[in-house]
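S.K.: Just passing along the structure, written as structure tokens.
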2 protein chains.
Amino acid sequence: MDETTKTDGLPQTAAQAGPQTGGAQLHLPGNDRPTLKTIAFMTGLGITTVSRALKDAPDIGAETKERVRLVARQVGYQPNRAGVRLRTGKTNVISLVLSLEEEIMGLTSPIVVGISEVLAATPYHLVVTPYSPSRDALAPVRYVLDTGAADGVIISRTEPKDARVALMLERNFPFATHGRTDMGLAHPYHDYDNEGFAYAAVRALVERGRRRLTLLQPPPHLTFHRHMRNGFDRAVRDFGVETIPFDTVDIDHSLIDIRTAFERLLRGGAVPDGIVSGSGAGTIALIAAIEATGRKIGADIDVVSKVPSDFLGWLRPEVITMKEDIRHAGHELAKAVLARIAGRPPEELQSLSGLDRSKI
Amino acid sequence: MDETTKTDGLPQTAAQAGPQTGGAQLHLPGNDRPTLKTIAFMTGLGITTVSRALKDAPDIGAETKERVRLVARQVGYQPNRAGVRLRTGKTNVISLVLSLEEEIMGLTSPIVVGISEVLAATPYHLVVTPYSPSRDALAPVRYVLDTGAADGVIISRTEPKDARVALMLERNFPFATHGRTDMGLAHPYHDYDNEGFAYAAVRALVERGRRRLTLLQPPPHLTFHRHMRNGFDRAVRDFGVETIPFDTVDIDHSLIDIRTAFERLLRGGAVPDGIVSGSGAGTIALIAAIEATGRKIGADIDVVSKVPSDFLGWLRPEVITMKEDIRHAGHELAKAVLARIAGRPPEELQSLSGLDRSKI
DNA sequence: CGAAAAATCTGTAACGATACAGTTGATCAT
DNA sequence: ATGATCAACTGTATCGTTACAGATTTTTCG
């Protein structure tokens, strides 16, 4: 037994280096955080054995595993993340890449909540990696890839040809997107059925006798612009109604801009009697414009709006709302990245959130 | 020179050893990410020297530092977070502890954005550590403290005697709170001046001739309940008007509950002609109740509401709103934790956000 | 019974960074 | 000269974990 004092005790049982705070025995907590070494000492086993026992390796005896697990639970062992990360490269982190200008009216909150709820049952942490839209949207993704800051990424505001998606696919890095792409490449995503929404919205307007419709649409570079546009145009064709162009602004513009533009439209020659809005916030601006021109929603014009929460239903019940459940999207996205990390093929990790009309 | 092949080359330039399981080669490690070793090799210096050069240690020559910095920049060196964290315990993480039921209407988004904006210029990452209100609010804080998951914590929904604050102070752990406490202990905080808000709100109502006021208040266990209550009560005394009790619900209740309760009040004997609302979401429920009883805001009753965003001003301009800038709170909180981590005394890290009335 | 094969367990060497205790020369006072 | 001092740099150990290549039994079986 030339074991050179391998058993040199527990990892500094009483950390001496407590920052001062003068005086008495304040029960300075110090770091008595148990490590594998602690458990190894307590069980009389080797560190390696403990490590392998805790991950249920096949070459460890059943009784030993039981003992190790018992002690581990007893002392409240939790693996040191830095140790694992350094050794294995596994970060146990999911990075949510967020535009700092993400729609004001609460898109971020529910998605963060949704993701958190899923991750809570796992060892994963959620890290928010922001970017200002003025800067390159690719930068945060590149950062995560280059530094290995996370095991998986969630992005939103996808484009048909999305450079971020291309990059992550090329590096075979696990991710999920809120919104689809159109590159002929399979990847995990969750998306709201914007085409279905727009189609149903037009139908709802037609059923109310509206014949001259217009659309407040997403910005052209985002994928769901096409989806919504397609649904809208197809429905317009199917129901044989007329459209009024409204292309000067989109839902990414400020409320002021939207209001101004729509008011100009309403005061012009070709006036719509029904409008489909792709954004809850945008709808507020539309309402302002409508009422500023002395019109009444439900009487002179009808509005169908996609909304993230239902306060519009409280304040303007005359607006027809269809709820997009963003928190649910958070759930799906988190589950998708985790499954992708676990090796499930991308094709199985694509989901579409159906219509959930809260009103008609 | 018995240097035993210290110069064994760069850190495996093309890492072949994916720690992966037998299946798909997910998450290729293939990163030839430069480390100190890389720079040491390129400059011909020792790893230690490089490390110390990069942190501008006094015992490294000026020219050497310059060379090291140049090469480091050239190869895009970024310190491995796991390495630093394991060795020093420094995580470079700020943890935002969040209630998953945080007010629906967009409190989370802007605070996350605000914090992110400050952290973006630092090496810190933002990790969201959630808790469901059903479970102990202390749990996430304990987790961070026990596991050393972060260098600093931001919490909200503070209580007068807040166990989380007591715990972190006792352990001398850097943190900042959104909201004050009342324990006679100094700690970093940012708070909105809810007393000032309530006082100004009452004044605004009185100026409109309202004499019988009521308050939709925060839940009694949170600190700012007292603040708002104080401001309200003091103003009521100062202006000599009457109050109608409305204690059956608070801003944490569901919109339905608030609406029902307020409608009952309005249909009862003692009817208020002015109400102060401590929550934008709650105000929506109040409006519904008011209109359900056939009353008109601005005519029969006036409403002053604290709001996180100004869409209420768009949809119900007759409501008097006062904006609480949550994003700014995020800025202040982030700066406060960082300063606390840097060793600044708590007393210098307390700020109050003044009134910023968006209307009258 | 002896050897091969399991079944269990263990030490060593990394991962990347830093604290600490040296090691070089060169410079300086005596 | 001689040792002391200083500037500039470097090796070693270590943080906690895991991959890997042995060890040590014990079992199996020809």
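Lettering and numbering for the structure tokens are positional, with chains as A, B, ... in the shown order, residues counted from 1 in each chain, and ligands counted from 1 in the shown order.
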Using only C-alpha atoms (C1' of nucleotides), find which residues of chain A lie within 9 Å of chain D and jot them down as a list in words.
M.R.: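 Residues passing the distance filter: Thr35, Leu36, Lys37, Thr48, Ser51, Arg52, Pro79, Asn80, Arg81, Ala82, Gly83, Val84, Arg85, Leu86, Arg87 and Thr88 of chain A.
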S.K.: Would you kindly return, as a PyMOL selection string, each protein, DNA or RNA residue with an atom no farther than 9 Å from any atom of Leu205 of chain B, considering only C-alpha atoms (C1' of nucleotides) and excluding same-chain residues fewer than 5 positions away?
M.R.: chain B and resi 200+210-211+213+273-276+302-304
S.K.: For a quick test of understanding: name the residues of chain C lying within 12 Å of chain B when counting only C-alpha atoms (C1' of nucleotides), and present them as a list in words.
M.R.: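 That gives the following set of residues: DA14, DC15, DG16, DA17, DT18, DA19 and DC20 of chain C.
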S.K.: Please, could you write that set of residues out with N, CA, C and O atoms (P, O5', C5', C4', C3', O3' and C1' of nucleotides) as a tab-separated table (two decimals), in the first residue's frame?
M.R.:
```tsv
chain	number	residue	atom	x	y	z
C	14	DA	P	-1.57	13.55	-20.19
C	14	DA	O5'	-2.16	14.79	-19.36
C	14	DA	C5'	-2.78	15.86	-20.05
C	14	DA	C4'	-4.21	15.49	-20.40
C	14	DA	C3'	-5.08	16.74	-20.52
C	14	DA	O3'	-5.43	16.90	-21.87
C	14	DA	C1'	-6.04	15.15	-18.97
C	15	DC	P	-5.27	18.28	-22.53
C	15	DC	O5'	-6.68	18.99	-22.30
C	15	DC	C5'	-7.89	18.37	-22.68
C	15	DC	C4'	-9.04	19.06	-21.96
C	15	DC	C3'	-8.77	20.55	-21.72
C	15	DC	O3'	-9.39	21.29	-22.77
C	15	DC	C1'	-9.66	19.46	-19.76
C	16	DG	P	-8.51	22.39	-23.50
C	16	DG	O5'	-8.46	23.56	-22.42
C	16	DG	C5'	-9.60	24.34	-22.21
C	16	DG	C4'	-9.34	25.31	-21.08
C	16	DG	C3'	-8.18	26.27	-21.33
C	16	DG	O3'	-8.66	27.58	-21.10
C	16	DG	C1'	-7.96	25.25	-19.21
C	17	DA	P	-7.75	28.83	-21.18
C	17	DA	O5'	-7.51	29.18	-19.65
C	17	DA	C5'	-8.63	29.61	-18.90
C	17	DA	C4'	-8.30	29.61	-17.42
C	17	DA	C3'	-7.18	30.58	-17.04
C	17	DA	O3'	-7.77	31.66	-16.35
C	17	DA	C1'	-6.92	28.42	-16.01
C	18	DT	P	-6.80	32.84	-15.87
C	18	DT	O5'	-6.26	32.28	-14.48
C	18	DT	C5'	-7.15	32.16	-13.40
C	18	DT	C4'	-6.40	31.66	-12.18
C	18	DT	C3'	-5.31	32.60	-11.66
C	18	DT	O3'	-5.41	32.59	-10.25
C	18	DT	C1'	-4.42	30.47	-12.02
C	19	DA	P	-4.90	33.88	-9.46
C	19	DA	O5'	-4.20	33.16	-8.20
C	19	DA	C5'	-4.92	32.19	-7.47
C	19	DA	C4'	-3.97	31.43	-6.54
C	19	DA	C3'	-2.93	32.30	-5.85
C	19	DA	O3'	-2.72	31.79	-4.55
C	19	DA	C1'	-1.84	30.72	-7.24
C	20	DC	P	-1.80	32.54	-3.52
C	20	DC	O5'	-0.45	31.72	-3.67
C	20	DC	C5'	-0.52	30.30	-3.77
C	20	DC	C4'	0.86	29.73	-4.01
C	20	DC	C3'	1.99	30.58	-3.44
C	20	DC	O3'	2.89	29.72	-2.78
C	20	DC	C1'	2.41	30.10	-5.68
```
S.K.: Please give the complete set of residues from segment 102-136 of chain A that DSSP, run on the backbone, assigns to strand (DSSP E), formatted as a ChimeraX atom specification.
M.R.: /A:125-131
S.K.: Determine, counting only C-alpha atoms (C1' of nucleotides), which protein, DNA and RNA residues have an atom within 8 Å of an atom of segment 105-116 of chain A; residues of the same chain fewer than 3 positions away are not included. Present the result as a list in words.
M.R.: Glu102, Leu119, Ala120, Leu126, Gly280, Ala281, Pro308, Ile326, Arg327, His328, Ala329, Gly330, His331, Leu333 and Ala334 of chain A; Leu100, Ile104, Met105, Gly106, Leu107, Thr108, Ser109, Val128, Thr129 and Pro130 of chain B
S.K.: Save out the residues we just selected, N, CA, C and O atoms, as an mmCIF file, in the first residue's frame.
M.R.:
```cif
data_model
loop_
_atom_site.group_PDB
_atom_site.id
_atom_site.type_symbol
_atom_site.label_atom_id
_atom_site.label_comp_id
_atom_site.auth_asym_id
_atom_site.auth_seq_id
_atom_site.Cartn_x
_atom_site.Cartn_y
_atom_site.Cartn_z
ATOM 1 N N GLU A 102 -37.389 42.702 -29.518
ATOM 2 C CA GLU A 102 -38.500 41.760 -29.708
ATOM 3 C C GLU A 102 -39.799 42.463 -29.329
ATOM 4 O O GLU A 102 -39.858 43.218 -28.375
ATOM 5 N N LEU A 119 -37.168 23.239 -18.725
ATOM 6 C CA LEU A 119 -35.798 23.016 -18.262
ATOM 7 C C LEU A 119 -35.724 22.752 -16.761
ATOM 8 O O LEU A 119 -34.763 22.151 -16.280
ATOM 9 N N ALA A 120 -36.746 23.196 -16.053
ATOM 10 C CA ALA A 120 -36.725 23.053 -14.592
ATOM 11 C C ALA A 120 -36.559 21.596 -14.179
ATOM 12 O O ALA A 120 -35.959 21.301 -13.150
ATOM 13 N N LEU A 126 -30.981 28.092 -18.357
ATOM 14 C CA LEU A 126 -31.329 28.930 -19.498
ATOM 15 C C LEU A 126 -30.514 30.213 -19.461
ATOM 16 O O LEU A 126 -30.570 30.976 -18.497
ATOM 17 N N GLY A 280 -50.554 41.785 -32.086
ATOM 18 C CA GLY A 280 -51.413 42.392 -31.086
ATOM 19 C C GLY A 280 -51.096 43.853 -30.876
ATOM 20 O O GLY A 280 -51.992 44.699 -30.792
ATOM 21 N N ALA A 281 -49.805 44.158 -30.828
ATOM 22 C CA ALA A 281 -49.415 45.552 -30.624
ATOM 23 C C ALA A 281 -49.849 46.398 -31.812
ATOM 24 O O ALA A 281 -50.409 47.487 -31.654
ATOM 25 N N PRO A 308 -51.036 37.770 -28.349
ATOM 26 C CA PRO A 308 -50.266 36.903 -27.449
ATOM 27 C C PRO A 308 -50.948 36.737 -26.092
ATOM 28 O O PRO A 308 -50.753 35.753 -25.412
ATOM 29 N N ILE A 326 -47.747 31.635 -26.800
ATOM 30 C CA ILE A 326 -46.289 31.701 -26.877
ATOM 31 C C ILE A 326 -45.629 30.854 -25.806
ATOM 32 O O ILE A 326 -44.553 30.306 -25.996
ATOM 33 N N ARG A 327 -46.272 30.764 -24.686
ATOM 34 C CA ARG A 327 -45.722 29.935 -23.622
ATOM 35 C C ARG A 327 -45.645 28.478 -24.084
ATOM 36 O O ARG A 327 -44.663 27.784 -23.841
ATOM 37 N N HIS A 328 -46.692 28.064 -24.772
ATOM 38 C CA HIS A 328 -46.687 26.718 -25.343
ATOM 39 C C HIS A 328 -45.550 26.567 -26.339
ATOM 40 O O HIS A 328 -44.881 25.528 -26.394
ATOM 41 N N ALA A 329 -45.321 27.597 -27.111
ATOM 42 C CA ALA A 329 -44.196 27.573 -28.050
ATOM 43 C C ALA A 329 -42.883 27.358 -27.292
ATOM 44 O O ALA A 329 -42.027 26.578 -27.716
ATOM 45 N N GLY A 330 -42.768 28.023 -26.161
ATOM 46 C CA GLY A 330 -41.578 27.848 -25.329
ATOM 47 C C GLY A 330 -41.410 26.399 -24.912
ATOM 48 O O GLY A 330 -40.317 25.829 -24.981
ATOM 49 N N HIS A 331 -42.495 25.786 -24.497
ATOM 50 C CA HIS A 331 -42.458 24.361 -24.137
ATOM 51 C C HIS A 331 -41.933 23.521 -25.294
ATOM 52 O O HIS A 331 -41.004 22.725 -25.140
ATOM 53 N N LEU A 333 -40.357 24.349 -28.011
ATOM 54 C CA LEU A 333 -38.987 24.640 -28.433
ATOM 55 C C LEU A 333 -37.975 24.005 -27.490
ATOM 56 O O LEU A 333 -36.996 23.398 -27.926
ATOM 57 N N ALA A 334 -38.238 24.123 -26.211
ATOM 58 C CA ALA A 334 -37.302 23.547 -25.240
ATOM 59 C C ALA A 334 -37.249 22.030 -25.406
ATOM 60 O O ALA A 334 -36.167 21.430 -25.448
ATOM 61 N N LEU B 100 -42.437 32.386 -11.951
ATOM 62 C CA LEU B 100 -43.019 32.010 -13.237
ATOM 63 C C LEU B 100 -44.384 32.645 -13.453
ATOM 64 O O LEU B 100 -44.924 32.626 -14.551
ATOM 65 N N ILE B 104 -48.456 38.860 -15.796
ATOM 66 C CA ILE B 104 -48.554 38.472 -17.183
ATOM 67 C C ILE B 104 -48.093 39.570 -18.122
ATOM 68 O O ILE B 104 -47.300 39.359 -19.032
ATOM 69 N N MET B 105 -48.621 40.748 -17.875
ATOM 70 C CA MET B 105 -48.474 41.771 -18.877
ATOM 71 C C MET B 105 -47.099 42.401 -18.883
ATOM 72 O O MET B 105 -46.915 43.566 -18.555
ATOM 73 N N GLY B 106 -46.131 41.607 -19.255
ATOM 74 C CA GLY B 106 -44.857 42.183 -19.627
ATOM 75 C C GLY B 106 -44.028 42.811 -18.541
ATOM 76 O O GLY B 106 -43.469 43.879 -18.723
ATOM 77 N N LEU B 107 -43.876 42.181 -17.404
ATOM 78 C CA LEU B 107 -42.870 42.687 -16.490
ATOM 79 C C LEU B 107 -41.537 42.026 -16.790
ATOM 80 O O LEU B 107 -40.488 42.625 -16.674
ATOM 81 N N THR B 108 -41.611 40.778 -17.168
ATOM 82 C CA THR B 108 -40.390 40.020 -17.376
ATOM 83 C C THR B 108 -39.588 40.529 -18.568
ATOM 84 O O THR B 108 -38.393 40.784 -18.454
ATOM 85 N N SER B 109 -40.242 40.679 -19.692
ATOM 86 C CA SER B 109 -39.522 41.095 -20.902
ATOM 87 C C SER B 109 -38.610 42.282 -20.669
ATOM 88 O O SER B 109 -37.407 42.185 -20.841
ATOM 89 N N VAL B 128 -31.467 32.690 -16.245
ATOM 90 C CA VAL B 128 -32.780 32.821 -15.626
ATOM 91 C C VAL B 128 -33.025 31.629 -14.718
ATOM 92 O O VAL B 128 -32.980 30.485 -15.163
ATOM 93 N N THR B 129 -33.216 31.908 -13.452
ATOM 94 C CA THR B 129 -33.481 30.843 -12.479
ATOM 95 C C THR B 129 -34.908 30.996 -11.978
ATOM 96 O O THR B 129 -35.198 31.881 -11.177
ATOM 97 N N PRO B 130 -35.798 30.169 -12.474
ATOM 98 C CA PRO B 130 -37.215 30.365 -12.175
ATOM 99 C C PRO B 130 -37.664 29.590 -10.939
ATOM 100 O O PRO B 130 -36.989 28.674 -10.490
#
```
S.K.: Of the candidates A:Asp300, A:Asp257, A:Glu347, A:Asp151, which shows the shortest atom-to-atom distance to chain B, using only C-alpha atoms?
M.R.: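 Using only C-alpha atoms, the shortest distance to chain B belongs to A:Asp151.
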S.K.: Using Å and a single decimal, report how far atom CA of Leu215 of chain B sits from atom CA of Asp238 of chain B.
M.R.: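 These two atoms are separated by 16.3 Å.
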S.K.: From a DSSP pass on the backbone, collect the residues of segment 171-253 of chain A flagged as alpha helix (DSSP H) and hand them back as a CSV table (one decimal) with C-alpha atoms, in the first residue's frame.
M.R.:
```csv
chain,number,residue,atom,x,y,z
A,194,ASN,CA,-49.9,31.8,-39.6
A,195,GLU,CA,-51.3,30.7,-42.9
A,196,GLY,CA,-54.2,29.0,-41.1
A,197,PHE,CA,-54.6,32.1,-39.0
A,198,ALA,CA,-54.8,34.4,-41.9
A,199,TYR,CA,-57.2,32.1,-43.8
A,200,ALA,CA,-59.5,31.8,-40.8
A,201,ALA,CA,-59.3,35.5,-40.2
A,202,VAL,CA,-60.4,36.3,-43.8
A,203,ARG,CA,-63.2,33.8,-43.5
A,204,ALA,CA,-64.4,35.4,-40.3
A,205,LEU,CA,-64.4,38.8,-42.0
A,206,VAL,CA,-66.2,37.5,-45.0
A,207,GLU,CA,-68.8,35.8,-42.8
A,223,THR,CA,-40.5,33.5,-43.1
A,224,PHE,CA,-43.9,33.9,-41.6
A,225,HIS,CA,-44.5,36.9,-43.8
A,226,ARG,CA,-45.0,34.5,-46.7
A,227,HIS,CA,-47.1,32.1,-44.6
A,228,MET,CA,-49.5,34.8,-43.5
A,229,ARG,CA,-49.5,36.4,-46.9
A,230,ASN,CA,-50.3,33.0,-48.5
A,231,GLY,CA,-53.2,32.3,-46.2
A,232,PHE,CA,-54.6,35.7,-46.7
A,233,ASP,CA,-54.3,35.7,-50.5
A,234,ARG,CA,-55.6,32.1,-50.8
A,235,ALA,CA,-58.6,33.0,-48.7
A,236,VAL,CA,-59.2,36.1,-50.6
A,237,ARG,CA,-59.3,34.1,-53.8
A,238,ASP,CA,-61.4,31.3,-52.3
A,239,PHE,CA,-64.0,33.7,-51.0
```
S.K.: Using only C-alpha atoms (C1' of nucleotides), determine which residues lie at most 9 Å from segment 171-188 of chain B, disregarding the query and same-chain residues fewer than 5 positions distant; provide the list as number ranges by chain.
M.R.: A: 19, 21, 28-30; B: 94, 145, 151-162, 165-166, 222-224, 329-330, 333-334, 336-341, 343, 345-351
